[in-house]
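> A single structure is presented below for examination.
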Amino acid sequence: MSQRTICPPIPSSEITPESVYLRRRDLMRAAGLGGAALALGASMPGSAAAEQERTALEYSATDQPLAADDSLTPYEHVSGYNNFYEFGTDKSDPARYADEMSVDPWAVDVGGLVNKPGTLHLEDILGSFDLEERVYRLRCVEAWSMVIPWVGFPLADLLKRFEPRSEARFVEFRTLYRPEEMRGTRSLTSIIDWPYREGLRLDEAMHPLTLMAVGLYGKTLPEQNGAPLRLVAPWKYGFKSIKSIVSIRLLDRQPETSWQELAPQEYGFYANVNPDVDHPRWSQKYERRLPSTLFNPNRIPTRMFNGYEEQVAGLYRGMDLRKLY
Ligand SMILES: Nc1nc2c(c(=O)[nH]1)N[C@H]1C(S)=C(S)[C@@H](COP(=O)(O)O)O[C@H]1N2
Ligand SMILES: [Mo]
């Protein structure tokens with residue numbers, strides 16, 4: 001991927017693997033910012049070669065609603081064990097093939113029920129939103145999980161710019177669909193009706209935890225994690241967090257989403273992490289926190305709303321979460 005300078009630029013001589021990231025954490029620590037999240041920085045590992053290609057991002061720290069026992073998942077796992085079916089269904093396929101996707105130039109169309117429909121270019125996105133770091137748990141519906149230090153901005157900041165109309169109730173997102181660069185979409189066994197589509201209720205989309213991520217571990221996103229921008233809704237199963245977004249539309253009805261369309265009895269529209277509602281084919285009570293091995297499976301209990309209950313339970317008051325899974 002081509003190099004991109006994001007203001008203010010950091011000399012490339014300083015972009016050695018973890019140094020920029022760690023140095024920034026030291027600065028933030030010195031400034032007394034972001035206590036809980038910063039304590040996690042100590043366990044920071046990484047795969048130098050892969051990370052070196054990425055461009056450093058400037059951002060500020062915020063307080064994180066994190067449990068004390070959550071330590072960051074190593075970079076090599078975050079960027080090496082992925083679901084991005086556009087590039088294949090094997091966990092190692094995205095890391096191998098996602099750089100066949102070109103992410104520069106990139107444009108996101110924002111339309112539907114908004115007063116000011118328009119197009120955002122990557123330059124606008126990286127240059128005009130205030131970036132911050134958010135360390136979030138990511139819980140896949142397949143019962144594995146990670147802890148990822150994202151860099152991004154609240155989705156609400158983006159939506160407000162386009163002025164959602166009062167009739168708007170839902171937001172629909174679409175991923176890039178470019179078969180010549182996405183070998184998984186050309187596969188005869190591919191099961192998804194492309195492009196990958198996801199959706200949120202508007203109040204979920206406007207919730208302060210809902211992030212548009214443009215980076216992780218202090219640098220622009222690896223392609224396999226959804227470059228150049230992807231959604232992160234940390235209290236929902238990972239499949240809601242749609243990658244490499246090119247279209248955002250405000251709607252007055254609930255949009256159809258890829259997984260729901262494929263297997264509605266297994267994957268709901270809400271997809272809130274819930275240890276009490278099992279997937280029809282497996283339990284959701286526990287998860288494997290990566291890195292996990294046969295001899296050290298690192299199995300931990302799954303928490304309601306992935307541990308963000310205090311922040312998001314209010315969105316679902318009065319709803320039957322067994323029916324609206
Ligand atoms: N476009 C697209 N977005 C996607 C997926 C996908 O296959 N295609 N997989 C989802 C699933 S199932 C998960 S668990 C997360 C994984 O994100 P990560 O690879 O960055 O950890 O991305 C989600 N977003
Ligand atoms: Mo997932």
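Just remember, in the structure tokens the first chain shown is A, the second B, etc., residues are 1-based per chain, and ligands are 1-based in the order shown.
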What do you get as a short mmCIF file (atom, residue, chain, number, x, y, z; two decimals) with C-alpha atoms, in the first residue's frame if you pick all residues at most 6 Å from ligand 1, counting only C-alpha atoms and all ligand atoms?

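The file below, selection02.cif, is the result:
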data_model
loop_
_atom_site.label_atom_id
_atom_site.label_comp_id
_atom_site.auth_asym_id
_atom_site.auth_seq_id
_atom_site.Cartn_x
_atom_site.Cartn_y
_atom_site.Cartn_z
CA VAL A 78 -4.69 -9.05 15.31
CA ASN A 82 -8.92 -12.57 10.47
CA ASN A 83 -12.36 -12.93 9.02
CA PHE A 84 -12.65 -11.07 5.72
CA TYR A 85 -14.48 -13.47 3.42
CA GLU A 86 -13.84 -11.30 0.37
CA CYS A 140 -16.46 -13.08 17.22
CA THR A 175 -18.06 -3.01 1.78
CA TYR A 196 -20.98 -7.53 2.33
CA ASN A 225 -8.41 -5.54 9.15
CA GLY A 238 -17.61 -9.18 15.23
CA PHE A 239 -19.56 -9.71 12.01
CA SER A 241 -18.08 -4.57 12.42
CA ILE A 242 -18.02 -4.28 8.65
CA LYS A 243 -14.71 -3.64 6.89
#
> Which residues come within 9 Å of range 184-192 of chain A, counting only C-alpha atoms, excluding same-chain residues fewer than 5 positions away, as an MDAnalysis selection string?
chainID A and resid 84:89 93 177:179 258:259 261:262
> Please produce an output containing N, CA, C and O atoms for each residue in the selection, written as a PDB file, in the first residue's frame.

ATOM      1  N   PHE A  84     -12.404 -12.069   6.777  1.00  0.00           N
ATOM      2  CA  PHE A  84     -12.647 -11.074   5.720  1.00  0.00           C
ATOM      3  C   PHE A  84     -12.890 -11.943   4.486  1.00  0.00           C
ATOM      4  O   PHE A  84     -11.970 -12.231   3.713  1.00  0.00           O
ATOM      5  N   TYR A  85     -14.147 -12.429   4.391  1.00  0.00           N
ATOM      6  CA  TYR A  85     -14.475 -13.469   3.423  1.00  0.00           C
ATOM      7  C   TYR A  85     -14.243 -13.055   1.976  1.00  0.00           C
ATOM      8  O   TYR A  85     -14.111 -13.914   1.101  1.00  0.00           O
ATOM      9  N   GLU A  86     -14.158 -11.756   1.727  1.00  0.00           N
ATOM     10  CA  GLU A  86     -13.845 -11.296   0.371  1.00  0.00           C
ATOM     11  C   GLU A  86     -12.511 -11.859  -0.119  1.00  0.00           C
ATOM     12  O   GLU A  86     -12.239 -11.889  -1.319  1.00  0.00           O
ATOM     13  N   PHE A  87     -11.664 -12.293   0.855  1.00  0.00           N
ATOM     14  CA  PHE A  87     -10.343 -12.799   0.481  1.00  0.00           C
ATOM     15  C   PHE A  87     -10.182 -14.278   0.783  1.00  0.00           C
ATOM     16  O   PHE A  87      -9.076 -14.819   0.670  1.00  0.00           O
ATOM     17  N   GLY A  88     -11.253 -14.934   1.185  1.00  0.00           N
ATOM     18  CA  GLY A  88     -11.189 -16.360   1.498  1.00  0.00           C
ATOM     19  C   GLY A  88     -11.710 -16.610   2.902  1.00  0.00           C
ATOM     20  O   GLY A  88     -11.863 -15.680   3.689  1.00  0.00           O
ATOM     21  N   THR A  89     -12.002 -17.872   3.187  1.00  0.00           N
ATOM     22  CA  THR A  89     -12.643 -18.190   4.461  1.00  0.00           C
ATOM     23  C   THR A  89     -11.654 -18.704   5.509  1.00  0.00           C
ATOM     24  O   THR A  89     -12.001 -18.862   6.673  1.00  0.00           O
ATOM     25  N   ASP A  93      -6.169 -16.353   5.195  1.00  0.00           N
ATOM     26  CA  ASP A  93      -6.358 -15.819   3.831  1.00  0.00           C
ATOM     27  C   ASP A  93      -6.288 -14.287   3.770  1.00  0.00           C
ATOM     28  O   ASP A  93      -5.613 -13.735   2.885  1.00  0.00           O
ATOM     29  N   TYR A 177     -16.840  -3.870  -3.303  1.00  0.00           N
ATOM     30  CA  TYR A 177     -16.962  -5.143  -4.026  1.00  0.00           C
ATOM     31  C   TYR A 177     -16.216  -4.975  -5.338  1.00  0.00           C
ATOM     32  O   TYR A 177     -16.691  -4.303  -6.245  1.00  0.00           O
ATOM     33  N   ARG A 178     -15.026  -5.551  -5.390  1.00  0.00           N
ATOM     34  CA  ARG A 178     -14.182  -5.434  -6.569  1.00  0.00           C
ATOM     35  C   ARG A 178     -13.575  -6.814  -6.823  1.00  0.00           C
ATOM     36  O   ARG A 178     -12.465  -7.118  -6.375  1.00  0.00           O
ATOM     37  N   PRO A 179     -14.324  -7.658  -7.563  1.00  0.00           N
ATOM     38  CA  PRO A 179     -13.933  -9.067  -7.710  1.00  0.00           C
ATOM     39  C   PRO A 179     -12.498  -9.262  -8.195  1.00  0.00           C
ATOM     40  O   PRO A 179     -11.813 -10.189  -7.743  1.00  0.00           O
ATOM     41  N   SER A 258     -25.872  -9.164   5.394  1.00  0.00           N
ATOM     42  CA  SER A 258     -25.352 -10.369   4.725  1.00  0.00           C
ATOM     43  C   SER A 258     -25.569 -11.645   5.528  1.00  0.00           C
ATOM     44  O   SER A 258     -26.064 -12.638   5.005  1.00  0.00           O
ATOM     45  N   TRP A 259     -25.217 -11.625   6.815  1.00  0.00           N
ATOM     46  CA  TRP A 259     -25.297 -12.867   7.589  1.00  0.00           C
ATOM     47  C   TRP A 259     -26.725 -13.243   7.924  1.00  0.00           C
ATOM     48  O   TRP A 259     -27.083 -14.423   7.980  1.00  0.00           O
ATOM     49  N   GLU A 261     -29.269 -12.587   6.070  1.00  0.00           N
ATOM     50  CA  GLU A 261     -29.837 -13.082   4.832  1.00  0.00           C
ATOM     51  C   GLU A 261     -29.452 -14.550   4.616  1.00  0.00           C
ATOM     52  O   GLU A 261     -30.254 -15.375   4.202  1.00  0.00           O
ATOM     53  N   LEU A 262     -28.211 -14.866   4.984  1.00  0.00           N
ATOM     54  CA  LEU A 262     -27.664 -16.192   4.758  1.00  0.00           C
ATOM     55  C   LEU A 262     -28.257 -17.225   5.714  1.00  0.00           C
ATOM     56  O   LEU A 262     -28.589 -18.341   5.314  1.00  0.00           O
TER      57      LEU A 262
END
> Could you pull the residues within 12 Å of Glu266 in chain A, counting only C-alpha atoms, minus those fewer than 6 positions along the same chain, as a PyMOL selection string?
chain A and resi 141-142+259-260+277-282+322-325
> Please produce a file of the residues just selected, as a PDB file, in the first residue's frame, where the atoms kept are N, CA, C and O atoms.

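Contents of selection-v7.pdb, freshly written:
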ATOM      1  N   VAL A 141     -18.563 -14.177  16.786  1.00  0.00           N
ATOM      2  CA  VAL A 141     -19.666 -15.107  17.024  1.00  0.00           C
ATOM      3  C   VAL A 141     -19.160 -16.555  17.076  1.00  0.00           C
ATOM      4  O   VAL A 141     -19.800 -17.426  17.651  1.00  0.00           O
ATOM      5  N   GLU A 142     -17.962 -16.782  16.513  1.00  0.00           N
ATOM      6  CA  GLU A 142     -17.356 -18.117  16.532  1.00  0.00           C
ATOM      7  C   GLU A 142     -16.702 -18.449  17.871  1.00  0.00           C
ATOM      8  O   GLU A 142     -16.031 -19.476  17.988  1.00  0.00           O
ATOM      9  N   TRP A 259     -25.217 -11.625   6.815  1.00  0.00           N
ATOM     10  CA  TRP A 259     -25.297 -12.867   7.589  1.00  0.00           C
ATOM     11  C   TRP A 259     -26.725 -13.243   7.924  1.00  0.00           C
ATOM     12  O   TRP A 259     -27.083 -14.423   7.980  1.00  0.00           O
ATOM     13  N   GLN A 260     -27.539 -12.224   8.135  1.00  0.00           N
ATOM     14  CA  GLN A 260     -28.931 -12.472   8.445  1.00  0.00           C
ATOM     15  C   GLN A 260     -29.629 -13.081   7.235  1.00  0.00           C
ATOM     16  O   GLN A 260     -30.435 -13.995   7.349  1.00  0.00           O
ATOM     17  N   VAL A 277     -27.692 -16.484  25.315  1.00  0.00           N
ATOM     18  CA  VAL A 277     -28.372 -16.911  24.091  1.00  0.00           C
ATOM     19  C   VAL A 277     -27.354 -17.640  23.214  1.00  0.00           C
ATOM     20  O   VAL A 277     -26.468 -17.026  22.624  1.00  0.00           O
ATOM     21  N   ASP A 278     -27.474 -18.971  23.188  1.00  0.00           N
ATOM     22  CA  ASP A 278     -26.519 -19.770  22.430  1.00  0.00           C
ATOM     23  C   ASP A 278     -26.765 -19.657  20.934  1.00  0.00           C
ATOM     24  O   ASP A 278     -27.889 -19.441  20.488  1.00  0.00           O
ATOM     25  N   HIS A 279     -25.706 -19.810  20.172  1.00  0.00           N
ATOM     26  CA  HIS A 279     -25.835 -20.018  18.739  1.00  0.00           C
ATOM     27  C   HIS A 279     -26.459 -21.406  18.575  1.00  0.00           C
ATOM     28  O   HIS A 279     -26.182 -22.294  19.403  1.00  0.00           O
ATOM     29  N   PRO A 280     -27.312 -21.632  17.558  1.00  0.00           N
ATOM     30  CA  PRO A 280     -27.956 -22.945  17.446  1.00  0.00           C
ATOM     31  C   PRO A 280     -26.973 -24.112  17.401  1.00  0.00           C
ATOM     32  O   PRO A 280     -27.326 -25.227  17.778  1.00  0.00           O
ATOM     33  N   ARG A 281     -25.707 -23.844  16.985  1.00  0.00           N
ATOM     34  CA  ARG A 281     -24.760 -24.944  16.874  1.00  0.00           C
ATOM     35  C   ARG A 281     -23.656 -24.945  17.924  1.00  0.00           C
ATOM     36  O   ARG A 281     -22.812 -25.840  17.930  1.00  0.00           O
ATOM     37  N   TRP A 282     -23.601 -23.923  18.785  1.00  0.00           N
ATOM     38  CA  TRP A 282     -22.592 -23.923  19.853  1.00  0.00           C
ATOM     39  C   TRP A 282     -22.982 -22.956  20.969  1.00  0.00           C
ATOM     40  O   TRP A 282     -23.824 -22.083  20.767  1.00  0.00           O
ATOM     41  N   ARG A 322     -33.850 -12.511  23.608  1.00  0.00           N
ATOM     42  CA  ARG A 322     -33.840 -13.881  23.076  1.00  0.00           C
ATOM     43  C   ARG A 322     -34.472 -13.914  21.699  1.00  0.00           C
ATOM     44  O   ARG A 322     -34.058 -14.666  20.818  1.00  0.00           O
ATOM     45  N   LYS A 323     -35.488 -13.100  21.522  1.00  0.00           N
ATOM     46  CA  LYS A 323     -36.153 -13.037  20.214  1.00  0.00           C
ATOM     47  C   LYS A 323     -35.366 -12.144  19.253  1.00  0.00           C
ATOM     48  O   LYS A 323     -35.177 -12.475  18.091  1.00  0.00           O
ATOM     49  N   LEU A 324     -34.923 -10.994  19.788  1.00  0.00           N
ATOM     50  CA  LEU A 324     -34.176 -10.057  18.942  1.00  0.00           C
ATOM     51  C   LEU A 324     -32.694 -10.253  19.191  1.00  0.00           C
ATOM     52  O   LEU A 324     -32.028  -9.391  19.745  1.00  0.00           O
ATOM     53  N   TYR A 325     -32.196 -11.445  18.803  1.00  0.00           N
ATOM     54  CA  TYR A 325     -30.795 -11.786  19.067  1.00  0.00           C
ATOM     55  C   TYR A 325     -29.891 -11.189  17.991  1.00  0.00           C
ATOM     56  O   TYR A 325     -30.371 -10.679  16.985  1.00  0.00           O
TER      57      TYR A 325
END
> Pick out the residues sitting within 9 Å of Leu200 in chain A, and hand them over as number ranges by chain; count only C-alpha atoms, and ignore anything fewer than 3 positions along from it in its own chain.
A: 169-173, 203-205, 240, 254-255, 269-270
> Produce a file of the selected residues containing N, CA, C and O atoms, as an mmCIF file, in the first residue's frame.

data_model
loop_
_atom_site.group_PDB
_atom_site.id
_atom_site.type_symbol
_atom_site.label_atom_id
_atom_site.label_comp_id
_atom_site.auth_asym_id
_atom_site.auth_seq_id
_atom_site.Cartn_x
_atom_site.Cartn_y
_atom_site.Cartn_z
ATOM 1 N N ARG A 169 -34.019 6.018 10.678
ATOM 2 C CA ARG A 169 -34.059 5.132 11.846
ATOM 3 C C ARG A 169 -32.907 4.129 11.855
ATOM 4 O O ARG A 169 -32.576 3.571 12.889
ATOM 5 N N PHE A 170 -32.348 3.849 10.702
ATOM 6 C CA PHE A 170 -31.308 2.825 10.572
ATOM 7 C C PHE A 170 -30.179 3.328 9.668
ATOM 8 O O PHE A 170 -30.381 4.272 8.904
ATOM 9 N N VAL A 171 -29.032 2.674 9.813
ATOM 10 C CA VAL A 171 -27.900 2.981 8.934
ATOM 11 C C VAL A 171 -27.457 1.682 8.267
ATOM 12 O O VAL A 171 -27.326 0.654 8.934
ATOM 13 N N GLU A 172 -27.272 1.733 6.956
ATOM 14 C CA GLU A 172 -26.781 0.570 6.221
ATOM 15 C C GLU A 172 -25.368 0.851 5.703
ATOM 16 O O GLU A 172 -25.097 1.953 5.219
ATOM 17 N N PHE A 173 -24.492 -0.156 5.837
ATOM 18 C CA PHE A 173 -23.100 -0.019 5.390
ATOM 19 C C PHE A 173 -22.817 -1.082 4.328
ATOM 20 O O PHE A 173 -23.322 -2.194 4.409
ATOM 21 N N ASP A 203 -29.829 4.888 16.739
ATOM 22 C CA ASP A 203 -29.325 5.202 18.093
ATOM 23 C C ASP A 203 -28.079 4.388 18.436
ATOM 24 O O ASP A 203 -27.196 4.860 19.165
ATOM 25 N N GLU A 204 -27.962 3.179 17.893
ATOM 26 C CA GLU A 204 -26.739 2.400 18.081
ATOM 27 C C GLU A 204 -25.579 3.063 17.335
ATOM 28 O O GLU A 204 -24.455 3.150 17.837
ATOM 29 N N ALA A 205 -25.889 3.523 16.131
ATOM 30 C CA ALA A 205 -24.854 4.154 15.302
ATOM 31 C C ALA A 205 -24.348 5.442 15.950
ATOM 32 O O ALA A 205 -23.168 5.778 15.843
ATOM 33 N N LYS A 240 -20.760 -7.727 12.823
ATOM 34 C CA LYS A 240 -21.399 -6.425 12.620
ATOM 35 C C LYS A 240 -20.370 -5.363 12.221
ATOM 36 O O LYS A 240 -20.720 -4.354 11.613
ATOM 37 N N GLN A 254 -35.369 -1.243 8.606
ATOM 38 C CA GLN A 254 -34.205 -2.065 8.940
ATOM 39 C C GLN A 254 -33.605 -2.676 7.673
ATOM 40 O O GLN A 254 -34.318 -3.340 6.926
ATOM 41 N N PRO A 255 -32.310 -2.460 7.436
ATOM 42 C CA PRO A 255 -31.718 -3.002 6.208
ATOM 43 C C PRO A 255 -31.492 -4.507 6.286
ATOM 44 O O PRO A 255 -31.377 -5.072 7.375
ATOM 45 N N PHE A 269 -30.148 -9.515 13.422
ATOM 46 C CA PHE A 269 -29.784 -8.145 13.068
ATOM 47 C C PHE A 269 -29.042 -7.480 14.223
ATOM 48 O O PHE A 269 -28.059 -6.784 14.022
ATOM 49 N N TYR A 270 -29.488 -7.712 15.457
ATOM 50 C CA TYR A 270 -28.869 -7.035 16.601
ATOM 51 C C TYR A 270 -27.498 -7.612 16.912
ATOM 52 O O TYR A 270 -26.539 -6.882 17.082
#
> Give me, as a ChimeraX atom specification, all polymer residues having an atom no more than 10 Å from His207 in chain A, counting only C-alpha atoms and skipping those fewer than 2 positions away in the same chain.
/A:154-156,202-205,209-211,233,311-312,315
> Determine, counting only C-alpha atoms, which protein, DNA and RNA residues have an atom within 8 Å of an atom of Ala227 in chain A; residues of the same chain fewer than 6 positions away are not included. Present the result as a ChimeraX atom specification.
/A:103,214-215,220-221,243-244
> For those residues, write C-alpha atoms to a file as a JSON list (two decimals), in the first residue's frame.

[["chain", "number", "residue", "atom", "x", "y", "z"],
["A", 103, "VAL", "CA", -7.23, 1.39, -0.92],
["A", 214, "VAL", "CA", -8.84, 4.01, 10.50],
["A", 215, "GLY", "CA", -5.96, 2.42, 12.36],
["A", 220, "THR", "CA", -3.20, 2.97, 9.50],
["A", 221, "LEU", "CA", -5.22, -0.25, 9.26],
["A", 243, "LYS", "CA", -14.71, -3.64, 6.89],
["A", 244, "SER", "CA", -13.50, -1.46, 4.02]]
> Which of these, A:Glu181, A:Glu53, A:Glu100, A:Asp130, has the shortest distance to Asp157 in chain A once you count only C-alpha atoms?
A:Asp130
> Could you pull out the strand (DSSP E) residues of range 33-196 of chain A from DSSP and send them as a ChimeraX atom specification?
/A:107-112,118-121,132-139,144-154,170-175
> Just the number, please: distance in Å from CA of Phe295 in chain A to CA of Pro275 in chain A, one decimal.
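Distance reported for this atom pair: 24.1 Å.
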> Please determine, counting only C-alpha atoms, which residue among A:Tyr75, A:Trp144, A:Tyr308, A:Trp106 has the shortest atom-to-atom distance to Tyr286 in chain A.
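For Tyr286 in chain A, the nearest of the given residues is A:Trp144.
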> With only C-alpha atoms as the counted atoms, please give the residues lying no more than 9 Å from Leu158 in chain A, apart from itself and same-chain residues fewer than 3 positions off, as a PyMOL selection string.
chain A and resi 125+129+153-155+161-162+212
> Which residue is closest to ligand 2? Choose from A:Ser79, A:Ser283, A:Gln265, A:Ser145 and count only C-alpha atoms and all ligand atoms.
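Of the candidates, the smallest distance to ligand 2 is held by A:Ser145.
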